[in-house]
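Novice: I'd like to ask you about the structure that follows.
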Amino acid sequence: MNDKKCIGCGSILQTDNVNKEGFVRSNVYDKSLYCERCFKIKHYGEYSVLDKKIDTDGIIRNINSDEYSCVAFLIDALNLNENLRKYINKFRSRKYILITKKDILPKSLKEKKIIEYVRNNIFDTDNVMCISSVKNYNIDAFLNKIRKDNVRRLYIVGFTNSGKSTFINHILTSNLMSPVITTSSIPNTTASYITIKLDNKLTIVDTPGFIDKDAIYNFIDYKKVVKLYPKKEIKVKTFQVRNGYSIVINDILRIENISEKSNSFSFYMSDKLRYEKIKAKNDKLRILPSVSYEITEPTDIIINGLGFIRITKVGSIKIHILDLKLVTKRKSMI
Ligand SMILES: Nc1nc2c(ncn2[C@@H]2O[C@H](COP(=O)(O)OP(=O)(O)OP(=O)(O)O)[C@@H](O)[C@H]2O)c(=O)[nH]1
Ligand SMILES: [Mg+2]
């Protein structure tokens, strides 16, 4: 069999194994542009998680060995944290950092602050921008920039679900090409490289997203995660929390004010989550692993893949959560 590829996810089409990437029924192989998984995602929104381990180091090695490569590292605006630094630093080529999904951020989170945070804590470059594919924000500005920089081949990389394929579809549309790449809110949508020659000067390559072991989709069912991820501008929920009181979110986390003075917790997360204020004597989720933080300045507690909690006042807090790896903190960006 030759190596005809699925135009939606980049897998080589095959007719042998229904559970492996790139499967199509043999009677439709000749006329298929998409594998069965992509076809279903596109037409029925049906979720099935790809049975394939993404070889992050292999992808990085490949890109590093391409002398014409430049990299656009896409970061979901809700997942900005310092752990990203070590991934970005693995790429040797020229790097552009794009913070995606600007449209879901509340207006109070200023672009200037986000860029400042990235430059100070993740990677210091002039080439940082916030974008939104949904709102067509800064996409043309970015394309103009890379054309001016004479970029020949741009690899779009980053963690799964950061919006790489959606971004490329958007570029395709604005270049009067069809937005054929499959996108979805489940992890691992793109399975292999998808190379698109925009014109004689510029080629863009979509890549499979890296899997973040410490993100929420590893700890709760994918279908639930899809529902818990904000789709439109976040409406921040703020609670005044007295000593001993906690806010519980679904069966995911409990955050407790353990200092004498009351504090204010603001949740930059989906409004589909269930928030509940409870008293100290209520043991809900106390069984989960916990971590305490001393808050000495306005701080964001990031729950990887879900959003973050802004804490404004000095004091101590305790978080019980499905897994402690989900939690990181940073100086508040607001
Ligand atoms: N609100 C909003 N959602 C976006 C934006 N870009 C992408 N998304 C959503 O984010 C989810 C993931 O998008 P994809 O483009 O499939 O992400 P990806 O990085 O290609 O993911 P993998 O192929 O798994 O690595 C989808 O539900 C998209 O609709 C954006 O600009 N704004
Ligand atoms: Mg993709």
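Following the order of the structure tokens, first chain is A, next is B, and so on, with residues numbered from 1 inside each chain and ligands from 1 in the order they appear.
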Can you list, as a VMD selection string, every protein, DNA or RNA residue that comes within 9 Å of Ile114 in chain A when you count only C-alpha atoms, leaving out same-chain residues fewer than 4 positions away?
Specialist: chain A and resid 77 80 99 109 to 110 118 to 119 130 333 to 334
Novice: So that I have them on file, write out the residues from the current selection with all heavy atoms, as an mmCIF file, in the first residue's frame.
Specialist:
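Final output, saved to out-v6.cif:
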data_model
loop_
_atom_site.group_PDB
_atom_site.id
_atom_site.type_symbol
_atom_site.label_atom_id
_atom_site.label_comp_id
_atom_site.auth_asym_id
_atom_site.auth_seq_id
_atom_site.Cartn_x
_atom_site.Cartn_y
_atom_site.Cartn_z
ATOM 1 N N ALA A 77 -3.681 30.201 26.576
ATOM 2 C CA ALA A 77 -3.608 31.324 27.518
ATOM 3 C C ALA A 77 -3.923 30.904 28.956
ATOM 4 O O ALA A 77 -3.412 31.500 29.907
ATOM 5 C CB ALA A 77 -4.583 32.415 27.087
ATOM 6 N N LEU A 80 -0.563 29.112 31.088
ATOM 7 C CA LEU A 80 0.762 29.739 31.159
ATOM 8 C C LEU A 80 1.417 29.413 32.485
ATOM 9 O O LEU A 80 0.926 29.814 33.545
ATOM 10 C CB LEU A 80 0.578 31.255 31.108
ATOM 11 C CG LEU A 80 0.677 31.937 29.764
ATOM 12 C CD1 LEU A 80 0.500 33.418 29.950
ATOM 13 C CD2 LEU A 80 2.005 31.627 29.107
ATOM 14 N N ILE A 99 0.524 33.149 22.323
ATOM 15 C CA ILE A 99 -0.420 32.816 23.389
ATOM 16 C C ILE A 99 -1.804 32.788 22.753
ATOM 17 O O ILE A 99 -2.268 33.816 22.243
ATOM 18 C CB ILE A 99 -0.370 33.874 24.517
ATOM 19 C CG1 ILE A 99 1.080 34.172 24.934
ATOM 20 C CG2 ILE A 99 -1.220 33.453 25.705
ATOM 21 C CD1 ILE A 99 1.863 32.978 25.394
ATOM 22 N N LEU A 109 -7.485 40.868 32.173
ATOM 23 C CA LEU A 109 -6.157 40.266 31.967
ATOM 24 C C LEU A 109 -5.533 40.909 30.733
ATOM 25 O O LEU A 109 -5.879 40.591 29.600
ATOM 26 C CB LEU A 109 -6.326 38.760 31.785
ATOM 27 C CG LEU A 109 -5.101 37.875 31.841
ATOM 28 C CD1 LEU A 109 -4.207 38.227 33.004
ATOM 29 C CD2 LEU A 109 -5.519 36.420 31.949
ATOM 30 N N LYS A 110 -4.633 41.835 30.977
ATOM 31 C CA LYS A 110 -4.125 42.668 29.881
ATOM 32 C C LYS A 110 -3.015 41.967 29.100
ATOM 33 O O LYS A 110 -2.136 41.322 29.671
ATOM 34 C CB LYS A 110 -3.583 43.991 30.427
ATOM 35 C CG LYS A 110 -4.634 44.837 31.134
ATOM 36 C CD LYS A 110 -5.458 45.603 30.111
ATOM 37 C CE LYS A 110 -6.517 46.475 30.725
ATOM 38 N NZ LYS A 110 -7.840 45.877 30.808
ATOM 39 N N VAL A 118 5.530 36.194 30.055
ATOM 40 C CA VAL A 118 6.243 35.243 29.202
ATOM 41 C C VAL A 118 7.718 35.628 29.117
ATOM 42 O O VAL A 118 8.610 34.788 29.295
ATOM 43 C CB VAL A 118 5.611 35.187 27.790
ATOM 44 C CG1 VAL A 118 6.470 34.331 26.855
ATOM 45 C CG2 VAL A 118 4.206 34.632 27.859
ATOM 46 N N ARG A 119 7.970 36.902 28.887
ATOM 47 C CA ARG A 119 9.367 37.328 28.714
ATOM 48 C C ARG A 119 10.178 37.169 29.994
ATOM 49 O O ARG A 119 11.353 36.821 29.953
ATOM 50 C CB ARG A 119 9.405 38.775 28.233
ATOM 51 C CG ARG A 119 8.790 38.914 26.841
ATOM 52 C CD ARG A 119 9.143 40.212 26.211
ATOM 53 N NE ARG A 119 10.590 40.339 26.006
ATOM 54 C CZ ARG A 119 11.145 41.238 25.227
ATOM 55 N NH1 ARG A 119 10.389 42.093 24.572
ATOM 56 N NH2 ARG A 119 12.447 41.306 25.097
ATOM 57 N N CYS A 130 -0.119 37.679 21.545
ATOM 58 C CA CYS A 130 -1.366 36.990 21.890
ATOM 59 C C CYS A 130 -2.200 36.910 20.617
ATOM 60 O O CYS A 130 -2.263 37.878 19.856
ATOM 61 C CB CYS A 130 -2.153 37.780 22.930
ATOM 62 S SG CYS A 130 -1.336 37.851 24.513
ATOM 63 N N MET A 333 -0.987 37.863 37.406
ATOM 64 C CA MET A 333 -0.771 38.579 36.142
ATOM 65 C C MET A 333 -1.712 39.762 36.005
ATOM 66 O O MET A 333 -1.681 40.457 34.998
ATOM 67 C CB MET A 333 -0.981 37.610 34.983
ATOM 68 C CG MET A 333 0.320 37.131 34.419
ATOM 69 S SD MET A 333 0.205 36.433 32.791
ATOM 70 C CE MET A 333 -1.032 35.223 32.900
ATOM 71 N N ILE A 334 -2.589 39.942 36.983
ATOM 72 C CA ILE A 334 -3.619 40.989 36.834
ATOM 73 C C ILE A 334 -3.316 42.193 37.710
ATOM 74 O O ILE A 334 -2.928 42.010 38.852
ATOM 75 C CB ILE A 334 -5.002 40.411 37.134
ATOM 76 C CG1 ILE A 334 -5.292 39.349 36.083
ATOM 77 C CG2 ILE A 334 -6.084 41.485 37.120
ATOM 78 C CD1 ILE A 334 -6.246 38.311 36.498
#
Novice: Just want the 10 Å neighbourhood of Thr166 in chain A, counted on only C-alpha atoms, with same-chain residues fewer than 6 positions away dropped. Output as a PyMOL selection string.
Specialist: chain A and resi 132-134+172+179-184
Novice: Please check which protein, DNA or RNA residues sit within 8 Å of ligand 2, counting only C-alpha atoms and all ligand atoms, and write them as number ranges by chain.
Specialist: A: 9, 160-161, 163-166, 181-184, 188-191, 206-209
Novice: Only C-alpha atoms, please: the residues just picked out, written as a JSON list (two decimals), in the first residue's frame.
Specialist:
[["chain", "number", "residue", "atom", "x", "y", "z"],
["A", 9, "CYS", "CA", -4.64, 14.47, 10.99],
["A", 160, "THR", "CA", -2.15, 19.24, 22.68],
["A", 161, "ASN", "CA", -5.25, 21.44, 22.48],
["A", 163, "GLY", "CA", -5.04, 25.50, 19.11],
["A", 164, "LYS", "CA", -2.33, 24.70, 16.54],
["A", 165, "SER", "CA", -4.54, 23.16, 13.88],
["A", 166, "THR", "CA", -7.28, 25.76, 14.33],
["A", 181, "ILE", "CA", -7.28, 20.08, 9.17],
["A", 182, "THR", "CA", -9.26, 18.29, 11.85],
["A", 183, "THR", "CA", -9.58, 20.15, 15.15],
["A", 184, "SER", "CA", -11.25, 19.07, 18.37],
["A", 188, "ASN", "CA", -4.14, 14.23, 20.42],
["A", 189, "THR", "CA", -6.21, 15.29, 17.44],
["A", 190, "THR", "CA", -3.31, 15.75, 15.03],
["A", 191, "ALA", "CA", -1.46, 12.46, 14.62],
["A", 206, "ASP", "CA", 1.30, 21.23, 11.75],
["A", 207, "THR", "CA", 2.62, 18.79, 14.35],
["A", 208, "PRO", "CA", 1.07, 16.45, 16.93],
["A", 209, "GLY", "CA", 0.65, 18.19, 20.28]]
Novice: For ligand 1, which residue among A:Leu143, A:Val71, A:Ile220, A:Val226 is the nearest when counting only C-alpha atoms and all ligand atoms?
Specialist: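 Among the listed residues, A:Val226 lies closest to ligand 1.
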Novice: With only C-alpha atoms as the counted atoms, please give the residues lying no more than 12 Å from Asn138 in chain A, apart from itself and same-chain residues fewer than 4 positions off, as an MDAnalysis selection string.
Specialist: chainID A and resid 98:103 111 128:134 142:145 167 170:171
Novice: Any chance you can output those residues with N, CA and C atoms as an mmCIF file, in the first residue's frame?
Specialist:
data_model
loop_
_atom_site.group_PDB
_atom_site.id
_atom_site.type_symbol
_atom_site.label_atom_id
_atom_site.label_comp_id
_atom_site.auth_asym_id
_atom_site.auth_seq_id
_atom_site.Cartn_x
_atom_site.Cartn_y
_atom_site.Cartn_z
ATOM 1 N N LEU A 98 3.364 32.172 20.710
ATOM 2 C CA LEU A 98 2.010 32.675 20.490
ATOM 3 C C LEU A 98 1.105 32.191 21.613
ATOM 4 N N ILE A 99 0.524 33.149 22.323
ATOM 5 C CA ILE A 99 -0.420 32.816 23.389
ATOM 6 C C ILE A 99 -1.804 32.788 22.753
ATOM 7 N N THR A 100 -2.424 31.617 22.757
ATOM 8 C CA THR A 100 -3.662 31.435 21.986
ATOM 9 C C THR A 100 -4.916 31.674 22.831
ATOM 10 N N LYS A 101 -6.041 31.722 22.146
ATOM 11 C CA LYS A 101 -7.386 31.797 22.756
ATOM 12 C C LYS A 101 -7.570 33.077 23.564
ATOM 13 N N LYS A 102 -6.996 34.156 23.089
ATOM 14 C CA LYS A 102 -7.143 35.456 23.756
ATOM 15 C C LYS A 102 -8.630 35.772 24.005
ATOM 16 N N ASP A 103 -9.488 35.292 23.107
ATOM 17 C CA ASP A 103 -10.919 35.604 23.218
ATOM 18 C C ASP A 103 -11.569 35.076 24.493
ATOM 19 N N GLU A 111 -3.063 42.178 27.801
ATOM 20 C CA GLU A 111 -2.084 41.562 26.905
ATOM 21 C C GLU A 111 -0.640 41.914 27.303
ATOM 22 N N VAL A 128 6.849 37.635 20.960
ATOM 23 C CA VAL A 128 5.720 37.071 21.718
ATOM 24 C C VAL A 128 4.464 37.830 21.319
ATOM 25 N N MET A 129 3.399 37.099 21.040
ATOM 26 C CA MET A 129 2.133 37.749 20.678
ATOM 27 C C MET A 129 0.970 36.976 21.271
ATOM 28 N N CYS A 130 -0.119 37.679 21.545
ATOM 29 C CA CYS A 130 -1.366 36.990 21.890
ATOM 30 C C CYS A 130 -2.200 36.910 20.617
ATOM 31 N N ILE A 131 -2.824 35.766 20.399
ATOM 32 C CA ILE A 131 -3.655 35.616 19.193
ATOM 33 C C ILE A 131 -5.007 35.000 19.555
ATOM 34 N N SER A 132 -5.944 35.140 18.646
ATOM 35 C CA SER A 132 -7.179 34.369 18.748
ATOM 36 C C SER A 132 -7.588 33.965 17.348
ATOM 37 N N SER A 133 -7.671 32.671 17.120
ATOM 38 C CA SER A 133 -8.117 32.205 15.808
ATOM 39 C C SER A 133 -9.610 32.456 15.655
ATOM 40 N N VAL A 134 -10.340 32.299 16.751
ATOM 41 C CA VAL A 134 -11.788 32.471 16.706
ATOM 42 C C VAL A 134 -12.144 33.923 16.357
ATOM 43 N N PHE A 142 0.882 38.436 12.689
ATOM 44 C CA PHE A 142 1.932 37.433 12.870
ATOM 45 C C PHE A 142 2.488 36.975 11.510
ATOM 46 N N LEU A 143 1.574 36.716 10.576
ATOM 47 C CA LEU A 143 2.035 36.264 9.252
ATOM 48 C C LEU A 143 2.916 37.314 8.595
ATOM 49 N N ASN A 144 2.515 38.571 8.738
ATOM 50 C CA ASN A 144 3.347 39.644 8.163
ATOM 51 C C ASN A 144 4.736 39.645 8.784
ATOM 52 N N LYS A 145 4.749 39.402 10.084
ATOM 53 C CA LYS A 145 6.030 39.409 10.794
ATOM 54 C C LYS A 145 6.949 38.292 10.289
ATOM 55 N N PHE A 167 -5.429 27.299 14.288
ATOM 56 C CA PHE A 167 -4.641 28.448 13.821
ATOM 57 C C PHE A 167 -4.254 28.263 12.349
ATOM 58 N N HIS A 170 -7.071 28.658 9.996
ATOM 59 C CA HIS A 170 -7.375 30.068 9.832
ATOM 60 C C HIS A 170 -6.456 30.715 8.794
ATOM 61 N N ILE A 171 -5.192 30.340 8.861
ATOM 62 C CA ILE A 171 -4.235 30.864 7.872
ATOM 63 C C ILE A 171 -4.630 30.381 6.470
#
Novice: When DSSP is applied to the backbone of this structure, which of range 136-299 of chain A are assigned strand (DSSP E)? Write them out as a compact mmCIF listing (two decimals) with N, CA, C and O atoms, in the first residue's frame.
Specialist:
# COMPACT_ATOMS: atom_id res chain seq x y z
N ARG A 153 10.30 27.88 6.55
CA ARG A 153 9.48 26.76 7.01
C ARG A 153 9.17 26.96 8.48
O ARG A 153 10.08 27.04 9.31
N LEU A 154 7.87 27.04 8.78
CA LEU A 154 7.47 27.32 10.16
C LEU A 154 6.75 26.10 10.73
O LEU A 154 5.70 25.68 10.22
N TYR A 155 7.33 25.54 11.78
CA TYR A 155 6.69 24.41 12.47
C TYR A 155 5.80 24.97 13.57
O TYR A 155 6.25 25.80 14.37
N ILE A 156 4.55 24.51 13.61
CA ILE A 156 3.63 24.95 14.65
C ILE A 156 3.65 23.88 15.73
O ILE A 156 3.23 22.74 15.49
N VAL A 157 4.17 24.21 16.88
CA VAL A 157 4.34 23.20 17.93
C VAL A 157 3.69 23.66 19.24
O VAL A 157 3.33 24.82 19.39
N GLY A 158 3.59 22.73 20.17
CA GLY A 158 3.04 23.06 21.49
C GLY A 158 2.27 21.90 22.05
O GLY A 158 2.17 20.83 21.41
N ILE A 194 1.66 17.62 9.17
CA ILE A 194 0.86 18.02 8.01
C ILE A 194 1.56 19.23 7.41
O ILE A 194 1.65 20.29 8.04
N THR A 195 2.10 19.04 6.21
CA THR A 195 2.91 20.09 5.59
C THR A 195 2.08 20.85 4.57
O THR A 195 1.48 20.23 3.69
N ILE A 196 2.04 22.16 4.71
CA ILE A 196 1.24 22.97 3.80
C ILE A 196 2.10 24.06 3.20
O ILE A 196 2.64 24.91 3.92
N LYS A 197 2.20 24.00 1.90
CA LYS A 197 2.98 25.03 1.21
C LYS A 197 2.03 26.19 0.91
O LYS A 197 1.12 26.05 0.09
N THR A 203 6.30 27.67 3.93
CA THR A 203 5.64 26.39 4.20
C THR A 203 5.35 26.32 5.70
O THR A 203 6.20 26.70 6.51
N ILE A 204 4.15 25.85 6.02
CA ILE A 204 3.77 25.73 7.43
C ILE A 204 3.54 24.26 7.74
O ILE A 204 2.94 23.53 6.94
N VAL A 205 4.04 23.81 8.88
CA VAL A 205 3.91 22.40 9.23
C VAL A 205 3.16 22.25 10.56
O VAL A 205 3.60 22.78 11.58
N ASP A 206 2.02 21.55 10.51
CA ASP A 206 1.30 21.23 11.75
C ASP A 206 1.95 19.99 12.36
O ASP A 206 2.45 19.13 11.64
N LYS A 237 -15.52 34.46 38.65
CA LYS A 237 -16.37 34.26 39.84
C LYS A 237 -15.52 34.57 41.07
O LYS A 237 -14.47 33.95 41.27
N THR A 238 -15.97 35.53 41.88
CA THR A 238 -15.18 35.90 43.06
C THR A 238 -15.95 35.57 44.33
O THR A 238 -17.15 35.84 44.42
N PHE A 239 -15.24 34.97 45.28
CA PHE A 239 -15.85 34.63 46.57
C PHE A 239 -15.05 35.29 47.69
O PHE A 239 -13.81 35.26 47.66
N GLN A 240 -15.74 35.87 48.66
CA GLN A 240 -15.07 36.30 49.89
C GLN A 240 -15.11 35.09 50.82
O GLN A 240 -16.17 34.52 51.05
N VAL A 241 -13.93 34.71 51.30
CA VAL A 241 -13.86 33.45 52.04
C VAL A 241 -13.28 33.71 53.42
O VAL A 241 -12.12 34.13 53.55
N SER A 246 -14.16 26.98 52.73
CA SER A 246 -13.51 26.50 51.50
C SER A 246 -14.46 26.69 50.32
O SER A 246 -15.68 26.72 50.49
N ILE A 247 -13.84 26.74 49.14
CA ILE A 247 -14.63 26.63 47.90
C ILE A 247 -14.28 25.28 47.29
O ILE A 247 -13.10 24.91 47.18
N VAL A 248 -15.32 24.54 46.93
CA VAL A 248 -15.12 23.23 46.30
C VAL A 248 -15.57 23.32 44.85
O VAL A 248 -16.61 23.90 44.56
N ILE A 249 -14.75 22.78 43.95
CA ILE A 249 -15.12 22.76 42.54
C ILE A 249 -15.30 21.32 42.10
O ILE A 249 -14.35 20.53 42.12
N LEU A 253 -11.32 19.88 43.14
CA LEU A 253 -10.48 20.53 44.14
C LEU A 253 -11.27 21.24 45.22
O LEU A 253 -12.43 21.61 45.04
N ARG A 254 -10.57 21.44 46.34
CA ARG A 254 -11.10 22.20 47.47
C ARG A 254 -10.02 23.20 47.86
O ARG A 254 -8.86 22.83 48.06
N ILE A 255 -10.37 24.47 47.94
CA ILE A 255 -9.38 25.47 48.35
C ILE A 255 -9.89 26.16 49.61
O ILE A 255 -11.01 26.67 49.64
N GLU A 256 -9.06 26.12 50.65
CA GLU A 256 -9.50 26.54 51.97
C GLU A 256 -8.70 27.76 52.45
O GLU A 256 -7.49 27.84 52.21
N ASN A 257 -9.37 28.69 53.09
CA ASN A 257 -8.66 29.81 53.71
C ASN A 257 -8.28 29.39 55.13
O ASN A 257 -9.13 29.26 56.00
N ASN A 263 -10.23 36.25 52.97
CA ASN A 263 -9.50 36.46 51.73
C ASN A 263 -10.49 36.46 50.56
O ASN A 263 -11.68 36.19 50.75
N SER A 264 -9.97 36.74 49.39
CA SER A 264 -10.84 36.78 48.22
C SER A 264 -10.25 35.85 47.16
O SER A 264 -9.08 35.96 46.81
N PHE A 265 -11.07 34.89 46.73
CA PHE A 265 -10.62 33.93 45.70
C PHE A 265 -11.41 34.22 44.40
O PHE A 265 -12.64 34.17 44.41
N SER A 266 -10.69 34.51 43.32
CA SER A 266 -11.36 34.75 42.03
C SER A 266 -11.02 33.63 41.07
O SER A 266 -9.84 33.35 40.82
N PHE A 267 -12.04 33.01 40.51
CA PHE A 267 -11.84 31.84 39.65
C PHE A 267 -11.93 32.23 38.19
O PHE A 267 -12.98 32.68 37.72
N TYR A 268 -10.81 32.07 37.48
CA TYR A 268 -10.76 32.32 36.04
C TYR A 268 -10.90 30.97 35.36
O TYR A 268 -9.93 30.37 34.88
N TYR A 275 -19.46 25.48 41.69
CA TYR A 275 -18.72 26.06 42.81
C TYR A 275 -19.59 25.97 44.06
O TYR A 275 -20.77 26.29 44.02
N GLU A 276 -18.96 25.60 45.17
CA GLU A 276 -19.74 25.44 46.40
C GLU A 276 -18.91 25.96 47.56
O GLU A 276 -17.72 25.63 47.67
N LYS A 277 -19.53 26.81 48.39
CA LYS A 277 -18.79 27.30 49.57
C LYS A 277 -19.18 26.42 50.75
O LYS A 277 -20.37 26.23 51.01
N ILE A 278 -18.18 25.90 51.47
CA ILE A 278 -18.50 25.01 52.59
C ILE A 278 -17.73 25.41 53.85
O ILE A 278 -16.71 26.08 53.78
N SER A 290 -3.00 17.17 49.52
CA SER A 290 -3.12 18.62 49.74
C SER A 290 -1.77 19.32 49.75
O SER A 290 -0.71 18.71 49.96
N VAL A 291 -1.83 20.62 49.50
CA VAL A 291 -0.63 21.46 49.54
C VAL A 291 -1.07 22.80 50.14
O VAL A 291 -2.18 23.25 49.90
N SER A 292 -0.17 23.40 50.94
CA SER A 292 -0.49 24.71 51.52
C SER A 292 0.44 25.76 50.93
O SER A 292 1.59 25.46 50.61
N TYR A 293 -0.09 26.96 50.79
CA TYR A 293 0.74 28.06 50.29
C TYR A 293 0.60 29.25 51.21
O TYR A 293 -0.49 29.55 51.71
N GLU A 294 1.72 29.93 51.41
CA GLU A 294 1.73 31.20 52.12
C GLU A 294 1.65 32.27 51.03
O GLU A 294 2.52 32.34 50.16
N ILE A 295 0.60 33.05 51.06
CA ILE A 295 0.44 34.08 50.02
C ILE A 295 1.00 35.40 50.55
O ILE A 295 0.52 35.91 51.56
N THR A 299 -1.48 36.56 43.99
CA THR A 299 -0.95 35.33 43.40
C THR A 299 -2.01 34.63 42.57
O THR A 299 -3.19 34.65 42.91
Novice: Excluding same-chain residues fewer than 2 positions from Arg25 in chain A, what lies within 9 Å of it counting only C-alpha atoms, as number ranges by chain?
Specialist: A: 14-16, 18, 23, 27-29, 35-36
Novice: State, in Å with one decimal place, the distance from CA of Lys231 in chain A to atom 2 (C, counted along the ligand's line) of ligand 1.
Specialist: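 Computing the Euclidean distance for CA of Lys231 in chain A and atom 2 (C, counted along the ligand's line) of ligand 1 yields 6.1 Å.
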Novice: Between A:Lys90, A:Arg37, A:Lys42, A:Arg310, which has the minimum distance to Asp57 in chain A (counting only C-alpha atoms)?
Specialist: A:Lys90
Novice: Using only C-alpha atoms, can you tell me which of A:Ile252, A:Ile168, A:Ile122, A:Ala280 comes closest to Ile303 in chain A?
Specialist: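 Checking each candidate against Ile303 in chain A, we get A:Ile252 as the closest.
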Novice: Taking the DSSP assignment computed from this structure's backbone, write out as a PyMOL selection string all residues of range 71-244 of chain A that belong to alpha helix (DSSP H).
Specialist: chain A and resi 84-88+111-121+139-148+164-174+222-228
Novice: Could you tell me which of A:Lys4, A:Lys318, A:Arg92, A:Lys40 comes closest to Arg61 in chain A if we count only C-alpha atoms?
Specialist: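 Ranking A:Lys4, A:Lys318, A:Arg92, A:Lys40 by distance to Arg61 in chain A, first place goes to A:Arg92.
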